[in-house]
Amino acid sequence: MTTFARPSFSAKAYAAFRPTYPASVFRRALDFHQLPLAGSEAETTLLDIGCGHGLIARALSPHFRHVIAIDPSAGMVEQARRMTEDAKIKFHTGRAEDLSAFARPGSIDMAVAGQAAHWFDYSAVWRELARTLKPGGTIAFWGYLDNVLIGAEQATAVMEKFVYGFGEVAPGVEGMGPYWEQPGRNILRGLLRSVQVPGDNWRDVTRLEHEPGKQDSEDATWLRKSMKLGEVEAYTRTFSCYSSWKDAHPEVKSRAEGGEGDVVDVMWDYMIDSVPEWKAMGDRWRDADVVSDWGTYIIMVRRR
């Protein structure tokens, strides 16, 4: 995933404005795991793949004696180290497709990946995970895709147009659609249904998914939260397509940078115009309350 290595990408902003995972996600993954945890005499090791700024590694660390966390972005790894005081967690730059430098054969009890599994090359990843997991060890991959703004369908439609549109989405403004890295984004938008778990080394395949905006059980609808519009705006600026769009349009400056406005500024102009209540707030629109609902998936499997 090359976007996170670009100069325009801010690991600090990503850590600040990306949604966090509720405790229920971690409980579900650990309940599925069902192996001796850190309170026992067993030597247990967690592997966090695509660890980003270390959120999952820090949350699950109390349950394991050792934690290895890897990410292909050196900037992300540096941000994770700055945010983490737990000396048990060892951060490294690395990829899911080659774990040889971090994990011996049969040494990992649990491997997790949050908002990263859609980037994996599964022709190599399943082989590496089969090599490094202990018999009975588990995998839990989860992630989220495009949020909808509940009760603001017009604004959600505007966001969809700008974020996935090709060509001009407003006068003189190119959409961000061409700047998503593929096929990863489309795999995520399909809730990883295209990722098939091979049957030779794995069993107990369990999937949970939620389409954004639909009424589902609490287990499935685990990423819905009340936000200020200003927080949602900041979140949209963490999209990898936006970072790549900025690289392709270096002459266009955001209003925060003293310019006339970039694609996200213009997108939000149209979004605010689409909701009369927001428009009536004038310059205070960022204080408006909204509920964001993300589409989500969890895939869990066990090593034979």
# chains A, B, ... in the order shown; residues from 1 in each chain; ligands from 1
$ residues_around --residues "Trp245 of chain A" --least-positions-apart "5" --cutoff "9 Å" --atoms "only C-alpha atoms" --output "ChimeraX atom specification"
/A:174-176,178-179,240,250,263
$ residues_around --residues "segment 191-197 of chain A" --least-positions-apart "6" --cutoff "9 Å" --atoms "only C-alpha atoms" --output "ChimeraX atom specification"
/A:117-118,122,126,143-145,203,205,209-211,295-299,301
$ closest_residue --among "A:Arg58, A:Lys279, A:Arg189, A:Arg304" --to "Lys134 of chain A" --atoms "only C-alpha atoms"
A:Arg304
$ closest_residue --among "A:Leu129, A:Cys241, A:Met300, A:Val252" --to "Gly177 of chain A" --atoms "only C-alpha atoms"
A:Cys241
$ closest_residue --among "A:Met271, A:Ile89, A:Ile187, A:Ala256" --to "Ala59 of chain A" --atoms "only C-alpha atoms"
A:Ile89
$ residues_around --residues "Val232 of chain A" --least-positions-apart "5" --cutoff "9 Å" --atoms "only C-alpha atoms" --output "PyMOL selection string"
chain A and resi 17+227+237+286+290+292
$ select_by_dssp --residues "segment 155-267 of chain A" --states "strand (DSSP E)" --output "PDB file with C-alpha atoms, in the first residue's frame"
ATOM      1  CA  GLU A 168     -15.148  16.471 -13.294  1.00  0.00           C
ATOM      2  CA  VAL A 169     -17.363  16.222 -10.193  1.00  0.00           C
ATOM      3  CA  ALA A 170     -17.695  20.021  -9.909  1.00  0.00           C
ATOM      4  CA  VAL A 173     -12.560  19.795  -9.906  1.00  0.00           C
ATOM      5  CA  GLU A 174     -11.511  16.210 -10.648  1.00  0.00           C
ATOM      6  CA  TRP A 202      -7.891 -23.859   8.074  1.00  0.00           C
ATOM      7  CA  ARG A 203     -11.196 -24.634   9.753  1.00  0.00           C
ATOM      8  CA  ASP A 204     -14.046 -22.926  11.665  1.00  0.00           C
ATOM      9  CA  VAL A 205     -14.351 -20.095   9.153  1.00  0.00           C
ATOM     10  CA  THR A 206     -16.646 -17.412  10.621  1.00  0.00           C
ATOM     11  CA  ARG A 207     -17.769 -14.207   8.893  1.00  0.00           C
ATOM     12  CA  LEU A 208     -19.801 -11.251  10.166  1.00  0.00           C
ATOM     13  CA  GLU A 209     -20.636  -8.270   7.988  1.00  0.00           C
ATOM     14  CA  HIS A 210     -22.746  -5.115   7.973  1.00  0.00           C
ATOM     15  CA  ARG A 224     -21.653   3.544  14.414  1.00  0.00           C
ATOM     16  CA  LYS A 225     -20.962   6.723  16.330  1.00  0.00           C
ATOM     17  CA  SER A 226     -22.176  10.261  16.946  1.00  0.00           C
ATOM     18  CA  MET A 227     -19.782  12.880  15.585  1.00  0.00           C
ATOM     19  CA  LYS A 228     -19.484  16.568  14.868  1.00  0.00           C
TER      20      LYS A 228
END
$ closest_residue --among "A:Asp293, A:Val264, A:Thr156, A:Leu47" --to "Lys214 of chain A" --atoms "only C-alpha atoms"
A:Asp293
$ residues_around --residues "segment 75-88 of chain A" --least-positions-apart "4" --cutoff "8 Å" --atoms "only C-alpha atoms" --output "PyMOL selection string"
chain A and resi 4-5+11-12+51-54+58+61+65-67+70-71+92-93
$ residues_around --residues "Gly94 of chain A" --least-positions-apart "2" --cutoff "9 Å" --atoms "only C-alpha atoms" --output "ChimeraX atom specification"
/A:49-50,69-74,92,96-99,101-102
$ atom_distance --atom1 "atom CA of Glu277 of chain A" --atom2 "atom CA of Tyr164 of chain A"
25.7 Å
$ residues_around --residues "Met159 of chain A" --least-positions-apart "6" --cutoff "9 Å" --atoms "only C-alpha atoms" --output "PyMOL selection string"
chain A and resi 267-268+270-271
$ closest_residue --among "A:Glu251, A:Glu233, A:Asp31, A:Glu257" --to "Leu149 of chain A" --atoms "only C-alpha atoms"
A:Glu233
$ select_by_dssp --residues "segment 71-268 of chain A" --states "helix (DSSP H, G or I)" --output "count of residues only"
71
$ atom_distance --atom1 "atom CA of Glu160 of chain A" --atom2 "atom CA of Ala113 of chain A"
26.0 Å
$ atom_distance --atom1 "atom CA of Asn186 of chain A" --atom2 "atom CA of Arg302 of chain A"
25.9 Å
$ decode --residues "segment 77-95 of chain A" --atoms "N, CA and C atoms" --output "compact mmCIF listing (two decimals), in the first residue's frame"
# COMPACT_ATOMS: atom_id res chain seq x y z
N VAL A 77 4.99 3.02 11.47
CA VAL A 77 5.72 2.34 12.54
C VAL A 77 6.31 3.37 13.51
N GLU A 78 6.84 4.45 12.99
CA GLU A 78 7.39 5.50 13.85
C GLU A 78 6.30 6.14 14.69
N GLN A 79 5.13 6.40 14.07
CA GLN A 79 4.01 6.95 14.82
C GLN A 79 3.56 5.99 15.92
N ALA A 80 3.52 4.69 15.62
CA ALA A 80 3.12 3.69 16.62
C ALA A 80 4.09 3.69 17.80
N ARG A 81 5.37 3.77 17.52
CA ARG A 81 6.35 3.79 18.60
C ARG A 81 6.20 5.02 19.48
N ARG A 82 5.88 6.16 18.86
CA ARG A 82 5.71 7.39 19.63
C ARG A 82 4.48 7.31 20.54
N MET A 83 3.46 6.58 20.10
CA MET A 83 2.21 6.53 20.85
C MET A 83 2.15 5.38 21.85
N THR A 84 3.17 4.53 21.89
CA THR A 84 3.11 3.29 22.67
C THR A 84 4.15 3.28 23.78
N GLU A 85 3.70 3.07 25.01
CA GLU A 85 4.61 2.96 26.16
C GLU A 85 4.85 1.52 26.57
N ASP A 86 4.06 0.61 26.07
CA ASP A 86 4.14 -0.81 26.44
C ASP A 86 5.39 -1.44 25.80
N ALA A 87 6.39 -1.73 26.62
CA ALA A 87 7.65 -2.28 26.10
C ALA A 87 7.49 -3.70 25.56
N LYS A 88 6.40 -4.37 25.90
CA LYS A 88 6.16 -5.71 25.41
C LYS A 88 5.95 -5.74 23.90
N ILE A 89 5.44 -4.64 23.34
CA ILE A 89 5.09 -4.59 21.92
C ILE A 89 6.32 -4.20 21.10
N LYS A 90 6.68 -5.04 20.14
CA LYS A 90 7.83 -4.79 19.27
C LYS A 90 7.32 -4.43 17.88
N PHE A 91 7.58 -3.20 17.45
CA PHE A 91 7.14 -2.72 16.15
C PHE A 91 8.25 -2.88 15.11
N HIS A 92 7.85 -3.32 13.92
CA HIS A 92 8.81 -3.51 12.83
C HIS A 92 8.17 -3.07 11.51
N THR A 93 9.01 -2.65 10.59
CA THR A 93 8.55 -2.42 9.22
C THR A 93 8.56 -3.77 8.49
N GLY A 94 7.43 -4.16 7.97
CA GLY A 94 7.36 -5.45 7.30
C GLY A 94 6.01 -5.66 6.66
N ARG A 95 5.92 -6.74 5.86
CA ARG A 95 4.72 -7.02 5.09
C ARG A 95 4.15 -8.40 5.44
